file model-v5.pdb (PDB, C-alpha atoms)
ATOM      1  CA  MET A  35     168.309 176.252 104.215
ATOM      2  CA  LYS A  36     165.425 174.935 102.295
ATOM      3  CA  LYS A  37     162.119 174.475 103.932
ATOM      4  CA  VAL A  38     160.552 171.087 103.531
ATOM      5  CA  PRO A  39     156.859 170.635 104.203
ATOM      6  CA  VAL A  40     155.952 168.427 107.159
ATOM      7  CA  SER A  41     154.259 165.780 105.026
ATOM      8  CA  ASP A  42     157.451 165.433 102.964
ATOM      9  CA  GLN A  43     159.492 165.219 106.157
ATOM     10  CA  HIS A  44     157.336 162.353 107.335
ATOM     11  CA  LYS A  45     157.854 160.530 104.019
ATOM     12  CA  GLY A  46     161.618 160.988 104.269
ATOM     13  CA  MET A  47     161.630 159.623 107.777
ATOM     14  CA  THR A  48     159.657 156.519 106.863
ATOM     15  CA  GLU A  49     161.985 155.896 103.918
ATOM     16  CA  SER A  50     165.064 156.302 106.127
ATOM     17  CA  THR A  51     163.471 154.017 108.736
ATOM     18  CA  ARG A  52     162.764 151.430 106.087
ATOM     19  CA  ALA A  53     166.294 151.732 104.815
ATOM     20  CA  SER A  54     167.730 151.210 108.296
ATOM     21  CA  ASN A  55     165.488 148.154 108.868
ATOM     22  CA  ALA A  56     166.551 146.591 105.568
ATOM     23  CA  PRO A  57     169.551 144.288 105.836
ATOM     24  CA  SER A  58     172.753 146.037 105.013
ATOM     25  CA  PRO A  59     175.028 144.435 102.453
ATOM     26  CA  ALA A  60     177.870 144.190 105.044
ATOM     27  CA  ALA A  61     175.816 142.179 107.545
ATOM     28  CA  PRO A  62     175.950 138.389 106.940
ATOM     29  CA  GLU A  63     172.796 136.784 105.758
ATOM     30  CA  PRO A  64     171.577 133.646 107.481
ATOM     31  CA  SER A  65     172.723 131.499 104.515
ATOM     32  CA  GLU A  66     176.281 132.879 104.729
ATOM     33  CA  ALA A  67     176.407 132.049 108.442
ATOM     34  CA  GLU A  68     175.230 128.528 107.699
ATOM     35  CA  ASP A  69     177.870 128.229 104.980
ATOM     36  CA  SER A  70     180.619 129.304 107.351
ATOM     37  CA  MET A  71     179.340 126.848 109.999
ATOM     38  CA  ALA A  72     179.281 124.063 107.432
ATOM     39  CA  GLY A  73     182.844 124.956 106.418
ATOM     40  CA  LEU A  74     183.972 124.912 110.035
ATOM     41  CA  GLN A  75     182.212 121.581 110.593
ATOM     42  CA  ALA A  76     183.927 120.129 107.500
ATOM     43  CA  ASP A  77     187.300 121.337 108.803
ATOM     44  CA  LEU A  78     186.545 119.833 112.211
ATOM     45  CA  ASP A  79     185.576 116.502 110.629
ATOM     46  CA  ARG A  80     188.717 116.519 108.468
ATOM     47  CA  PHE A  81     190.969 117.209 111.472
ATOM     48  CA  ARG A  82     189.196 114.556 113.518
ATOM     49  CA  GLU A  83     189.746 112.023 110.746
ATOM     50  CA  LEU A  84     193.383 113.102 110.438
ATOM     51  CA  ALA A  85     193.871 112.654 114.202
ATOM     52  CA  LEU A  86     192.288 109.183 114.093
ATOM     53  CA  ARG A  87     194.472 108.159 111.155
ATOM     54  CA  SER A  88     197.573 109.472 112.893
ATOM     55  CA  GLN A  89     196.652 107.557 116.018
ATOM     56  CA  ALA A  90     196.066 104.361 113.996
ATOM     57  CA  ASP A  91     199.370 104.854 112.139
ATOM     58  CA  PHE A  92     201.176 105.273 115.431
ATOM     59  CA  GLU A  93     199.572 102.103 116.838
ATOM     60  CA  ASN A  94     200.604 100.199 113.701
ATOM     61  CA  TYR A  95     204.133 101.606 114.040
ATOM     62  CA  LYS A  96     204.336 100.425 117.655
ATOM     63  CA  LYS A  97     203.130  96.944 116.697
ATOM     64  CA  ARG A  98     205.545  96.741 113.761
ATOM     65  CA  THR A  99     208.558  97.820 115.836
ATOM     66  CA  ALA A 100     207.625  95.348 118.577
ATOM     67  CA  ARG A 101     207.377  92.571 115.962
ATOM     68  CA  GLU A 102     210.699  93.594 114.385
ATOM     69  CA  LYS A 103     212.370  93.669 117.797
ATOM     70  CA  GLU A 104     211.000  90.224 118.591
ATOM     71  CA  GLU A 105     212.266  88.882 115.248
ATOM     72  CA  ALA A 106     215.673  90.487 115.768
ATOM     73  CA  ILE A 107     215.962  88.747 119.125
ATOM     74  CA  LYS A 108     214.654  85.454 117.728
ATOM     75  CA  TYR A 109     217.111  85.406 114.821
ATOM     76  CA  ALA A 110     220.044  87.180 116.497
ATOM     77  CA  ASN A 111     222.297  84.130 116.203
ATOM     78  CA  SER A 112     221.698  83.559 112.490
ATOM     79  CA  SER A 113     224.907  85.276 111.322
ATOM     80  CA  LEU A 114     226.969  83.329 113.863
ATOM     81  CA  LEU A 115     225.334  80.065 112.813
ATOM     82  CA  GLN A 116     225.883  80.869 109.137
ATOM     83  CA  ARG A 117     229.608  81.110 109.783
ATOM     84  CA  LEU A 118     229.515  78.026 111.979
ATOM     85  CA  VAL A 119     227.908  75.796 109.328
ATOM     86  CA  ALA A 120     230.887  76.485 107.039
ATOM     87  CA  ILE A 121     233.153  75.175 109.811
ATOM     88  CA  ILE A 122     230.865  72.145 110.224
ATOM     89  CA  ASP A 123     231.242  71.429 106.491
ATOM     90  CA  ASN A 124     235.031  71.354 106.862
ATOM     91  CA  PHE A 125     234.734  69.219 109.985
ATOM     92  CA  GLU A 126     232.590  66.699 108.084
ATOM     93  CA  LEU A 127     235.175  66.594 105.283
ATOM     94  CA  GLY A 128     237.866  65.839 107.866
ATOM     95  CA  LEU A 129     235.635  63.186 109.401
ATOM     96  CA  ALA A 130     235.141  61.529 106.001
ATOM     97  CA  ALA A 131     238.913  61.533 105.417
ATOM     98  CA  ALA A 132     239.522  60.011 108.876
ATOM     99  CA  LYS A 133     236.903  57.355 108.136
ATOM    100  CA  GLU A 134     238.777  56.330 104.977
ATOM    101  CA  GLN A 135     241.944  55.813 107.040
ATOM    102  CA  SER A 136     240.363  53.639 109.700
ATOM    103  CA  GLU A 137     236.988  53.542 111.419
ATOM    104  CA  GLU A 138     238.660  51.834 114.370
ATOM    105  CA  SER A 139     240.971  54.786 114.993
ATOM    106  CA  PRO A 140     240.510  56.604 118.321
ATOM    107  CA  ILE A 141     240.850  59.924 116.441
ATOM    108  CA  TYR A 142     237.923  59.011 114.220
ATOM    109  CA  SER A 143     235.849  57.916 117.237
ATOM    110  CA  GLY A 144     236.637  61.193 119.014
ATOM    111  CA  MET A 145     235.700  63.232 115.968
ATOM    112  CA  VAL A 146     232.372  61.382 115.709
ATOM    113  CA  LEU A 147     231.622  62.227 119.345
ATOM    114  CA  VAL A 148     232.509  65.893 118.808
ATOM    115  CA  GLN A 149     230.312  65.996 115.699
ATOM    116  CA  LYS A 150     227.392  64.508 117.659
ATOM    117  CA  GLN A 151     227.797  67.038 120.468
ATOM    118  CA  LEU A 152     228.005  69.896 117.988
ATOM    119  CA  SER A 153     224.943  68.674 116.074
ATOM    120  CA  ASP A 154     222.958  68.291 119.308
ATOM    121  CA  LEU A 155     223.914  71.792 120.467
ATOM    122  CA  LEU A 156     222.913  73.329 117.146
ATOM    123  CA  ALA A 157     219.618  71.401 117.089
ATOM    124  CA  GLU A 158     218.807  72.639 120.607
ATOM    125  CA  ASN A 159     219.272  76.198 119.346
ATOM    126  CA  GLY A 160     216.971  75.774 116.354
ATOM    127  CA  LEU A 161     219.352  74.743 113.544
ATOM    128  CA  GLN A 162     218.085  71.804 111.483
ATOM    129  CA  PRO A 163     219.890  70.206 108.543
ATOM    130  CA  ILE A 164     217.922  69.852 105.318
ATOM    131  CA  GLU A 165     217.850  66.276 104.055
ATOM    132  CA  ALA A 166     217.835  66.539 100.300
ATOM    133  CA  GLU A 167     218.961  63.219  98.829
ATOM    134  CA  GLY A 168     216.049  61.257  97.364
ATOM    135  CA  GLN A 169     213.645  64.190  97.869
ATOM    136  CA  PRO A 170     211.830  66.075  95.090
ATOM    137  CA  PHE A 171     213.743  69.186  94.054
ATOM    138  CA  ASP A 172     212.390  72.237  95.876
ATOM    139  CA  PRO A 173     213.837  75.594  94.752
ATOM    140  CA  ASN A 174     212.899  77.044  98.154
ATOM    141  CA  LEU A 175     215.263  74.618  99.907
ATOM    142  CA  HIS A 176     217.686  73.421  97.248
ATOM    143  CA  GLU A 177     220.151  75.039  94.876
ATOM    144  CA  ALA A 178     220.611  72.877  91.777
ATOM    145  CA  ILE A 179     224.202  72.947  90.568
ATOM    146  CA  ALA A 180     223.824  70.223  87.910
ATOM    147  CA  HIS A 181     221.442  67.822  86.206
ATOM    148  CA  GLU A 182     222.436  64.208  85.542
ATOM    149  CA  PRO A 183     220.599  61.515  83.650
ATOM    150  CA  SER A 184     219.589  58.487  85.736
ATOM    151  CA  ASP A 185     217.743  55.318  84.824
ATOM    152  CA  GLN A 186     216.949  54.517  88.474
ATOM    153  CA  VAL A 187     215.836  57.959  89.736
ATOM    154  CA  PRO A 188     212.893  59.811  88.127
ATOM    155  CA  GLU A 189     213.254  63.343  86.790
ATOM    156  CA  GLY A 190     213.165  66.153  89.367
ATOM    157  CA  ILE A 191     214.456  64.054  92.294
ATOM    158  CA  VAL A 192     217.704  64.975  94.067
ATOM    159  CA  LEU A 193     220.453  62.456  93.246
ATOM    160  CA  ARG A 194     223.217  63.791  95.494
ATOM    161  CA  GLN A 195     223.847  66.573  97.917
ATOM    162  CA  THR A 196     227.202  68.345  97.540
ATOM    163  CA  ARG A 197     226.684  70.747 100.437
ATOM    164  CA  ARG A 198     224.212  70.373 103.262
ATOM    165  CA  GLY A 199     221.563  73.041 103.676
ATOM    166  CA  TYR A 200     220.235  74.310 106.984
ATOM    167  CA  ARG A 201     217.112  75.890 108.431
ATOM    168  CA  TYR A 202     217.288  78.170 111.409
ATOM    169  CA  LYS A 203     213.994  77.959 113.289
ATOM    170  CA  ASP A 204     211.432  78.616 110.544
ATOM    171  CA  ARG A 205     213.780  80.350 108.071
ATOM    172  CA  LEU A 206     216.146  79.002 105.474
ATOM    173  CA  LEU A 207     219.693  79.704 106.639
ATOM    174  CA  ARG A 208     221.474  78.139 103.667
ATOM    175  CA  PRO A 209     220.075  76.139 100.732
ATOM    176  CA  ALA A 210     221.409  72.662 100.040
ATOM    177  CA  LYS A 211     223.536  72.394  96.892
ATOM    178  CA  VAL A 212     222.251  69.412  94.962
ATOM    179  CA  ILE A 213     222.545  67.472  91.740
ATOM    180  CA  VAL A 214     219.109  66.719  90.283
ATOM    181  CA  SER A 215     218.050  63.796  88.104
ATOM    182  CA  SER A 216     217.027  64.652  84.568
ATOM    183  CA  GLY A 217     215.427  61.220  84.098
ATOM    184  CA  PRO A 218     216.564  58.439  81.782
ATOM    185  CA  ALA A 219     219.297  59.340  79.311
ATOM    186  CA  LYS A 220     217.949  60.260  75.882
ATOM    187  CA  LYS A 221     219.333  58.133  73.087
TER     188      LYS A 221
END

call {"tool": "encode", "arguments": {"input": "model-v5.pdb", "output": "C-alpha coordinates"}}
result
Amino acid sequence: MKKVPVSDQHKGMTESTRASNAPSPAAPEPSEAEDSMAGLQADLDRFRELALRSQADFENYKKRTAREKEEAIKYANSSLLQRLVAIIDNFELGLAAAKEQSEESPIYSGMVLVQKQLSDLLAENGLQPIEAEGQPFDPNLHEAIAHEPSDQVPEGIVLRQTRRGYRYKDRLLRPAKVIVSSGPAKK
(Lines of atoms letter the chains of each structure in order from A and count residues from 1; the text may use other names and numbers.)
(Lines give C-alpha, C1' and ligand atoms only; values in the text may rest on other atoms or scores of the structure.)
Protein backbone atom coordinates (compact mmCIF):
# COMPACT_ATOMS: atom_id res chain seq x y z
CA MET A 1 0.00 0.00 0.00
CA LYS A 2 1.15 3.42 -0.84
CA LYS A 3 1.31 6.06 1.78
CA VAL A 4 -0.42 9.29 0.96
CA PRO A 5 0.40 12.41 2.93
CA VAL A 6 -2.41 13.83 5.05
CA SER A 7 -2.64 17.07 3.08
CA ASP A 8 -3.16 15.05 -0.12
CA GLN A 9 -5.77 12.93 1.63
CA HIS A 10 -7.67 16.06 2.56
CA LYS A 11 -7.58 17.26 -1.06
CA GLY A 12 -8.89 13.91 -2.28
CA MET A 13 -11.71 14.02 0.20
CA THR A 14 -12.80 17.51 -0.78
CA GLU A 15 -12.72 16.51 -4.45
CA SER A 16 -14.79 13.39 -3.76
CA THR A 17 -17.21 15.47 -1.66
CA ARG A 18 -17.53 17.97 -4.47
CA ALA A 19 -18.09 15.18 -6.92
CA SER A 20 -20.84 13.67 -4.78
CA ASN A 21 -22.54 17.08 -4.38
CA ALA A 22 -22.48 17.69 -8.14
CA PRO A 23 -25.59 16.50 -9.95
CA SER A 24 -25.14 13.08 -11.41
CA PRO A 25 -25.98 12.60 -15.06
CA ALA A 26 -28.64 9.96 -14.17
CA ALA A 27 -30.60 12.28 -11.87
CA PRO A 28 -33.23 14.40 -13.72
CA GLU A 29 -32.56 18.06 -13.92
CA PRO A 30 -35.32 20.48 -13.02
CA SER A 31 -35.91 21.29 -16.72
CA GLU A 32 -36.42 17.60 -17.58
CA ALA A 33 -38.99 17.28 -14.79
CA GLU A 34 -40.80 20.33 -16.11
CA ASP A 35 -40.72 18.86 -19.61
CA SER A 36 -42.23 15.60 -18.41
CA MET A 37 -44.92 17.52 -16.47
CA ALA A 38 -45.70 19.59 -19.55
CA GLY A 39 -45.96 16.39 -21.60
CA LEU A 40 -48.29 14.83 -19.05
CA GLN A 41 -50.39 18.01 -18.97
CA ALA A 42 -50.61 18.00 -22.78
CA ASP A 43 -51.73 14.36 -22.70
CA LEU A 44 -54.30 15.18 -20.02
CA ASP A 45 -55.63 18.11 -22.07
CA ARG A 46 -55.79 15.95 -25.21
CA PHE A 47 -57.71 13.19 -23.40
CA ARG A 48 -60.04 15.73 -21.83
CA GLU A 49 -60.78 17.20 -25.25
CA LEU A 50 -61.28 13.71 -26.67
CA ALA A 51 -63.74 12.88 -23.87
CA LEU A 52 -65.67 16.11 -24.46
CA ARG A 53 -65.84 15.45 -28.20
CA SER A 54 -66.99 11.89 -27.60
CA GLN A 55 -69.66 13.13 -25.23
CA ALA A 56 -70.82 15.76 -27.77
CA ASP A 57 -70.84 13.14 -30.56
CA PHE A 58 -72.93 10.85 -28.41
CA GLU A 59 -75.40 13.65 -27.62
CA ASN A 60 -75.67 14.45 -31.34
CA TYR A 61 -76.21 10.75 -32.07
CA LYS A 62 -79.03 10.58 -29.51
CA LYS A 63 -80.69 13.67 -30.98
CA ARG A 64 -80.33 12.36 -34.54
CA THR A 65 -81.80 8.94 -33.70
CA ALA A 66 -84.69 10.57 -31.84
CA ARG A 67 -85.36 12.80 -34.87
CA GLU A 68 -85.14 9.83 -37.25
CA LYS A 69 -87.50 7.81 -35.06
CA GLU A 70 -89.96 10.69 -34.98
CA GLU A 71 -89.79 11.02 -38.78
CA ALA A 72 -90.22 7.27 -39.24
CA ILE A 73 -93.37 7.39 -37.12
CA LYS A 74 -94.62 10.54 -38.86
CA TYR A 75 -94.18 9.11 -42.36
CA ALA A 76 -94.88 5.44 -41.59
CA ASN A 77 -97.96 5.37 -43.82
CA SER A 78 -96.26 6.85 -46.88
CA SER A 79 -95.67 3.51 -48.64
CA LEU A 80 -99.28 2.46 -48.03
CA LEU A 81 -100.56 5.79 -49.32
CA GLN A 82 -98.30 5.57 -52.38
CA ARG A 83 -99.96 2.30 -53.32
CA LEU A 84 -103.38 3.69 -52.48
CA VAL A 85 -103.07 6.72 -54.78
CA ALA A 86 -102.59 4.34 -57.73
CA ILE A 87 -105.92 2.73 -56.80
CA ILE A 88 -107.50 6.19 -56.51
CA ASP A 89 -106.30 6.97 -60.05
CA ASN A 90 -108.08 3.88 -61.36
CA PHE A 91 -111.17 4.73 -59.33
CA GLU A 92 -111.24 8.22 -60.88
CA LEU A 93 -110.95 6.70 -64.36
CA GLY A 94 -113.93 4.47 -63.58
CA LEU A 95 -115.82 7.47 -62.24
CA ALA A 96 -115.14 9.42 -65.45
CA ALA A 97 -116.38 6.46 -67.54
CA ALA A 98 -119.54 6.18 -65.40
CA LYS A 99 -120.11 9.92 -65.81
CA GLU A 100 -120.05 9.55 -69.61
CA GLN A 101 -122.78 6.90 -69.38
CA SER A 102 -125.14 8.90 -67.21
CA GLU A 103 -124.71 11.37 -64.37
CA GLU A 104 -128.19 10.43 -63.17
CA SER A 105 -127.21 6.80 -62.63
CA PRO A 106 -127.33 5.55 -59.02
CA ILE A 107 -124.00 3.77 -59.62
CA TYR A 108 -122.37 7.06 -60.56
CA SER A 109 -123.89 8.80 -57.52
CA GLY A 110 -122.63 6.01 -55.25
CA MET A 111 -119.15 6.19 -56.73
CA VAL A 112 -119.07 9.96 -56.17
CA LEU A 113 -119.97 9.43 -52.51
CA VAL A 114 -117.28 6.77 -52.09
CA GLN A 115 -114.72 9.07 -53.75
CA LYS A 116 -115.66 11.90 -51.37
CA GLN A 117 -115.34 9.65 -48.32
CA LEU A 118 -111.99 8.34 -49.53
CA SER A 119 -110.70 11.85 -50.26
CA ASP A 120 -111.83 13.08 -46.83
CA LEU A 121 -110.15 10.15 -45.08
CA LEU A 122 -106.89 10.71 -46.93
CA ALA A 123 -106.98 14.46 -46.24
CA GLU A 124 -107.50 13.79 -42.52
CA ASN A 125 -104.35 11.66 -42.57
CA GLY A 126 -102.21 14.31 -44.26
CA LEU A 127 -102.53 13.47 -47.98
CA GLN A 128 -103.20 16.51 -50.17
CA PRO A 129 -103.65 16.47 -53.95
CA ILE A 130 -101.48 18.86 -55.95
CA GLU A 131 -103.52 21.14 -58.19
CA ALA A 132 -101.40 21.69 -61.25
CA GLU A 133 -103.63 22.90 -64.08
CA GLY A 134 -103.19 26.62 -64.75
CA GLN A 135 -100.25 26.84 -62.32
CA PRO A 136 -96.67 27.77 -63.25
CA PHE A 137 -94.55 24.67 -63.88
CA ASP A 138 -92.62 23.74 -60.75
CA PRO A 139 -90.09 20.90 -61.17
CA ASN A 140 -90.33 20.23 -57.42
CA LEU A 141 -94.03 19.35 -57.77
CA HIS A 142 -94.57 18.54 -61.43
CA GLU A 143 -93.14 16.07 -63.92
CA ALA A 144 -93.39 17.47 -67.45
CA ILE A 145 -94.18 14.74 -69.96
CA ALA A 146 -94.74 17.05 -72.96
CA HIS A 147 -94.73 20.63 -74.20
CA GLU A 148 -97.54 21.96 -76.40
CA PRO A 149 -97.87 25.30 -78.12
CA SER A 150 -100.82 27.42 -76.96
CA ASP A 151 -102.01 30.85 -78.02
CA GLN A 152 -104.15 31.27 -74.88
CA VAL A 153 -101.73 30.02 -72.19
CA PRO A 154 -98.31 31.67 -71.68
CA GLU A 155 -95.09 29.65 -71.76
CA GLY A 156 -94.24 27.69 -68.61
CA ILE A 157 -97.84 27.28 -67.40
CA VAL A 158 -99.37 23.81 -66.97
CA LEU A 159 -101.98 23.13 -69.67
CA ARG A 160 -103.23 19.74 -68.49
CA GLN A 161 -102.61 17.24 -65.78
CA THR A 162 -102.44 13.60 -66.92
CA ARG A 163 -101.88 12.15 -63.45
CA ARG A 164 -102.60 13.85 -60.16
CA GLY A 165 -99.70 14.43 -57.79
CA TYR A 166 -99.88 14.19 -54.02
CA ARG A 167 -98.15 15.58 -50.95
CA TYR A 168 -98.01 13.62 -47.75
CA LYS A 169 -97.78 16.06 -44.85
CA ASP A 170 -94.85 18.28 -45.85
CA ARG A 171 -93.23 15.86 -48.34
CA LEU A 172 -93.89 15.17 -51.98
CA LEU A 173 -95.40 11.69 -52.26
CA ARG A 174 -95.79 11.66 -56.04
CA PRO A 175 -95.25 14.45 -58.59
CA ALA A 176 -98.08 15.43 -60.91
CA LYS A 177 -97.55 14.43 -64.55
CA VAL A 178 -98.30 17.49 -66.64
CA ILE A 179 -98.26 18.92 -70.12
CA VAL A 180 -96.69 22.39 -70.15
CA SER A 181 -97.37 25.28 -72.53
CA SER A 182 -94.51 26.27 -74.78
CA GLY A 183 -96.22 29.57 -75.66
CA PRO A 184 -97.61 30.62 -79.03
CA ALA A 185 -96.79 28.36 -81.96
CA LYS A 186 -93.80 29.56 -83.96
CA LYS A 187 -94.55 30.14 -87.62

call {"tool": "closest_residue", "arguments": {"input": "model-v5.pdb", "among": "A:Glu167, A:His181, A:Asp69, A:Leu156", "to": "A:Ser112", "atoms": "all atoms listed in the file"}}
result
A:Leu156

call {"tool": "resolve_selection", "arguments": {"input": "model-v5.pdb", "expression": "the PyMOL selection byres ((chain A and resi 172) around 12)", "output": "list of chain:residue names"}}
result
A:Ile164, A:Glu165, A:Ala166, A:Glu167, A:Gly168, A:Gln169, A:Pro170, A:Phe171, A:Pro173, A:Asn174, A:Leu175, A:His176, A:Glu177, A:Ala178, A:Gly190, A:Ile191, A:Val192, A:Pro209, A:Ala210, A:Lys211, A:Val212, A:Ile213, A:Val214

call {"tool": "write_last_selection", "arguments": {"input": "model-v5.pdb", "atoms": "C-alpha atoms", "output": "PDB file, in the coordinates of the input"}}
result
ATOM      1  CA  ILE A 164     217.922  69.852 105.318  1.00  0.00           C
ATOM      2  CA  GLU A 165     217.850  66.276 104.055  1.00  0.00           C
ATOM      3  CA  ALA A 166     217.835  66.539 100.300  1.00  0.00           C
ATOM      4  CA  GLU A 167     218.961  63.219  98.829  1.00  0.00           C
ATOM      5  CA  GLY A 168     216.049  61.257  97.364  1.00  0.00           C
ATOM      6  CA  GLN A 169     213.645  64.190  97.869  1.00  0.00           C
ATOM      7  CA  PRO A 170     211.830  66.075  95.090  1.00  0.00           C
ATOM      8  CA  PHE A 171     213.743  69.186  94.054  1.00  0.00           C
ATOM      9  CA  PRO A 173     213.837  75.594  94.752  1.00  0.00           C
ATOM     10  CA  ASN A 174     212.899  77.044  98.154  1.00  0.00           C
ATOM     11  CA  LEU A 175     215.263  74.618  99.907  1.00  0.00           C
ATOM     12  CA  HIS A 176     217.686  73.421  97.248  1.00  0.00           C
ATOM     13  CA  GLU A 177     220.151  75.039  94.876  1.00  0.00           C
ATOM     14  CA  ALA A 178     220.611  72.877  91.777  1.00  0.00           C
ATOM     15  CA  GLY A 190     213.165  66.153  89.367  1.00  0.00           C
ATOM     16  CA  ILE A 191     214.456  64.054  92.294  1.00  0.00           C
ATOM     17  CA  VAL A 192     217.704  64.975  94.067  1.00  0.00           C
ATOM     18  CA  PRO A 209     220.075  76.139 100.732  1.00  0.00           C
ATOM     19  CA  ALA A 210     221.409  72.662 100.040  1.00  0.00           C
ATOM     20  CA  LYS A 211     223.536  72.394  96.892  1.00  0.00           C
ATOM     21  CA  VAL A 212     222.251  69.412  94.962  1.00  0.00           C
ATOM     22  CA  ILE A 213     222.545  67.472  91.740  1.00  0.00           C
ATOM     23  CA  VAL A 214     219.109  66.719  90.283  1.00  0.00           C
TER      24      VAL A 214
END

call {"tool": "atom_distance", "arguments": {"input": "model-v5.pdb", "atom1": "atom CA of A:Asn111", "atom2": "atom CA of A:Asp123"}}
result
18.3 Å

call {"tool": "closest_residue", "arguments": {"input": "model-v5.pdb", "among": "A:Leu129, A:Ser215, A:Tyr202, A:Ala120", "to": "A:Leu147", "atoms": "all atoms listed in the file"}}
result
A:Leu129

call {"tool": "closest_residue", "arguments": {"input": "model-v5.pdb", "among": "A:Gly73, A:Glu158, A:Arg82, A:Ser216", "to": "A:Ser184", "atoms": "all atoms listed in the file"}}
result
A:Ser216

call {"tool": "residues_around", "arguments": {"input": "model-v5.pdb", "residues": "A:Phe125", "least_positions_apart": "6", "cutoff": "12 Å", "atoms": "all atoms listed in the file", "output": "NGL selection string"}}
result
:A and (118-119 or 131-132 or 142 or 145-146 or 148-150 or 152-153)

call {"tool": "atom_distance", "arguments": {"input": "model-v5.pdb", "atom1": "atom CA of A:Ile141", "atom2": "atom CA of A:Glu126"}}
result
13.6 Å

call {"tool": "atom_distance", "arguments": {"input": "model-v5.pdb", "atom1": "atom CA of A:Glu137", "atom2": "atom CA of A:Ile122"}}
result
19.6 Å

call {"tool": "closest_residue", "arguments": {"input": "model-v5.pdb", "among": "A:Leu127, A:Ala85, A:Leu115, A:Ala67", "to": "A:Ala157", "atoms": "all atoms listed in the file"}}
result
A:Leu115

call {"tool": "build_atoms", "arguments": {"input": "model-v5.pdb", "residues": "stretch 141-152 of chain A", "atoms": "all heavy atoms", "output": "JSON list (two decimals), in the frame of the given file"}}
result
[["chain", "number", "residue", "atom", "x", "y", "z"],
["A", 141, "ILE", "N", 241.05, 58.55, 116.94],
["A", 141, "ILE", "CA", 240.85, 59.92, 116.44],
["A", 141, "ILE", "C", 239.49, 60.02, 115.75],
["A", 141, "ILE", "O", 238.73, 60.95, 115.98],
["A", 141, "ILE", "CB", 242.00, 60.34, 115.50],
["A", 141, "ILE", "CG1", 243.30, 60.44, 116.28],
["A", 141, "ILE", "CG2", 241.67, 61.66, 114.80],
["A", 141, "ILE", "CD1", 244.52, 60.70, 115.43],
["A", 142, "TYR", "N", 239.21, 59.02, 114.91],
["A", 142, "TYR", "CA", 237.92, 59.01, 114.22],
["A", 142, "TYR", "C", 236.78, 58.92, 115.23],
["A", 142, "TYR", "O", 235.78, 59.65, 115.13],
["A", 142, "TYR", "CB", 237.85, 57.85, 113.22],
["A", 142, "TYR", "CG", 236.51, 57.74, 112.54],
["A", 142, "TYR", "CD1", 236.13, 58.64, 111.56],
["A", 142, "TYR", "CD2", 235.60, 56.75, 112.92],
["A", 142, "TYR", "CE1", 234.90, 58.55, 110.95],
["A", 142, "TYR", "CE2", 234.35, 56.66, 112.32],
["A", 142, "TYR", "CZ", 234.01, 57.56, 111.34],
["A", 142, "TYR", "OH", 232.77, 57.48, 110.74],
["A", 143, "SER", "N", 236.89, 58.07, 116.21],
["A", 143, "SER", "CA", 235.85, 57.92, 117.24],
["A", 143, "SER", "C", 235.65, 59.22, 118.00],
["A", 143, "SER", "O", 234.50, 59.62, 118.28],
["A", 143, "SER", "CB", 236.23, 56.81, 118.22],
["A", 143, "SER", "OG", 236.36, 55.58, 117.56],
["A", 144, "GLY", "N", 236.73, 59.90, 118.32],
["A", 144, "GLY", "CA", 236.64, 61.19, 119.01],
["A", 144, "GLY", "C", 235.97, 62.25, 118.15],
["A", 144, "GLY", "O", 235.15, 63.04, 118.64],
["A", 145, "MET", "N", 236.31, 62.25, 116.88],
["A", 145, "MET", "CA", 235.70, 63.23, 115.97],
["A", 145, "MET", "C", 234.20, 62.98, 115.81],
["A", 145, "MET", "O", 233.41, 63.92, 115.72],
["A", 145, "MET", "CB", 236.40, 63.20, 114.60],
["A", 145, "MET", "CG", 237.79, 63.82, 114.62],
["A", 145, "MET", "SD", 238.62, 63.75, 113.02],
["A", 145, "MET", "CE", 237.72, 64.99, 112.11],
["A", 146, "VAL", "N", 233.79, 61.71, 115.81],
["A", 146, "VAL", "CA", 232.37, 61.38, 115.71],
["A", 146, "VAL", "C", 231.63, 61.89, 116.94],
["A", 146, "VAL", "O", 230.53, 62.46, 116.85],
["A", 146, "VAL", "CB", 232.17, 59.86, 115.52],
["A", 146, "VAL", "CG1", 230.72, 59.47, 115.72],
["A", 146, "VAL", "CG2", 232.65, 59.42, 114.15],
["A", 147, "LEU", "N", 232.25, 61.73, 118.12],
["A", 147, "LEU", "CA", 231.62, 62.23, 119.34],
["A", 147, "LEU", "C", 231.50, 63.76, 119.33],
["A", 147, "LEU", "O", 230.47, 64.31, 119.74],
["A", 147, "LEU", "CB", 232.42, 61.77, 120.56],
["A", 147, "LEU", "CG", 232.30, 60.29, 120.93],
["A", 147, "LEU", "CD1", 233.26, 59.94, 122.06],
["A", 147, "LEU", "CD2", 230.88, 59.95, 121.30],
["A", 148, "VAL", "N", 232.55, 64.43, 118.88],
["A", 148, "VAL", "CA", 232.51, 65.89, 118.81],
["A", 148, "VAL", "C", 231.43, 66.33, 117.82],
["A", 148, "VAL", "O", 230.67, 67.27, 118.09],
["A", 148, "VAL", "CB", 233.89, 66.46, 118.42],
["A", 148, "VAL", "CG1", 233.80, 67.94, 118.11],
["A", 148, "VAL", "CG2", 234.90, 66.20, 119.53],
["A", 149, "GLN", "N", 231.33, 65.65, 116.69],
["A", 149, "GLN", "CA", 230.31, 66.00, 115.70],
["A", 149, "GLN", "C", 228.91, 65.81, 116.29],
["A", 149, "GLN", "O", 228.03, 66.64, 116.09],
["A", 149, "GLN", "CB", 230.46, 65.14, 114.44],
["A", 149, "GLN", "CG", 229.43, 65.48, 113.39],
["A", 149, "GLN", "CD", 229.36, 64.49, 112.27],
["A", 149, "GLN", "OE1", 229.66, 63.32, 112.44],
["A", 149, "GLN", "NE2", 228.96, 64.98, 111.10],
["A", 150, "LYS", "N", 228.70, 64.75, 117.04],
["A", 150, "LYS", "CA", 227.39, 64.51, 117.66],
["A", 150, "LYS", "C", 227.06, 65.61, 118.66],
["A", 150, "LYS", "O", 225.94, 66.13, 118.67],
["A", 150, "LYS", "CB", 227.39, 63.14, 118.34],
["A", 150, "LYS", "CG", 226.14, 62.90, 119.17],
["A", 150, "LYS", "CD", 225.52, 61.59, 118.91],
["A", 150, "LYS", "CE", 224.30, 61.30, 119.72],
["A", 150, "LYS", "NZ", 223.27, 62.29, 119.75],
["A", 151, "GLN", "N", 228.03, 65.97, 119.49],
["A", 151, "GLN", "CA", 227.80, 67.04, 120.47],
["A", 151, "GLN", "C", 227.47, 68.36, 119.77],
["A", 151, "GLN", "O", 226.56, 69.08, 120.18],
["A", 151, "GLN", "CB", 229.04, 67.23, 121.36],
["A", 151, "GLN", "CG", 229.24, 66.16, 122.38],
["A", 151, "GLN", "CD", 230.51, 66.38, 123.18],
["A", 151, "GLN", "OE1", 231.47, 66.98, 122.68],
["A", 151, "GLN", "NE2", 230.51, 65.92, 124.42],
["A", 152, "LEU", "N", 228.22, 68.66, 118.74],
["A", 152, "LEU", "CA", 228.00, 69.90, 117.99],
["A", 152, "LEU", "C", 226.63, 69.89, 117.33],
["A", 152, "LEU", "O", 225.89, 70.88, 117.40],
["A", 152, "LEU", "CB", 229.11, 70.06, 116.95],
["A", 152, "LEU", "CG", 229.22, 71.38, 116.23],
["A", 152, "LEU", "CD1", 229.35, 72.54, 117.21],
["A", 152, "LEU", "CD2", 230.40, 71.37, 115.29]]
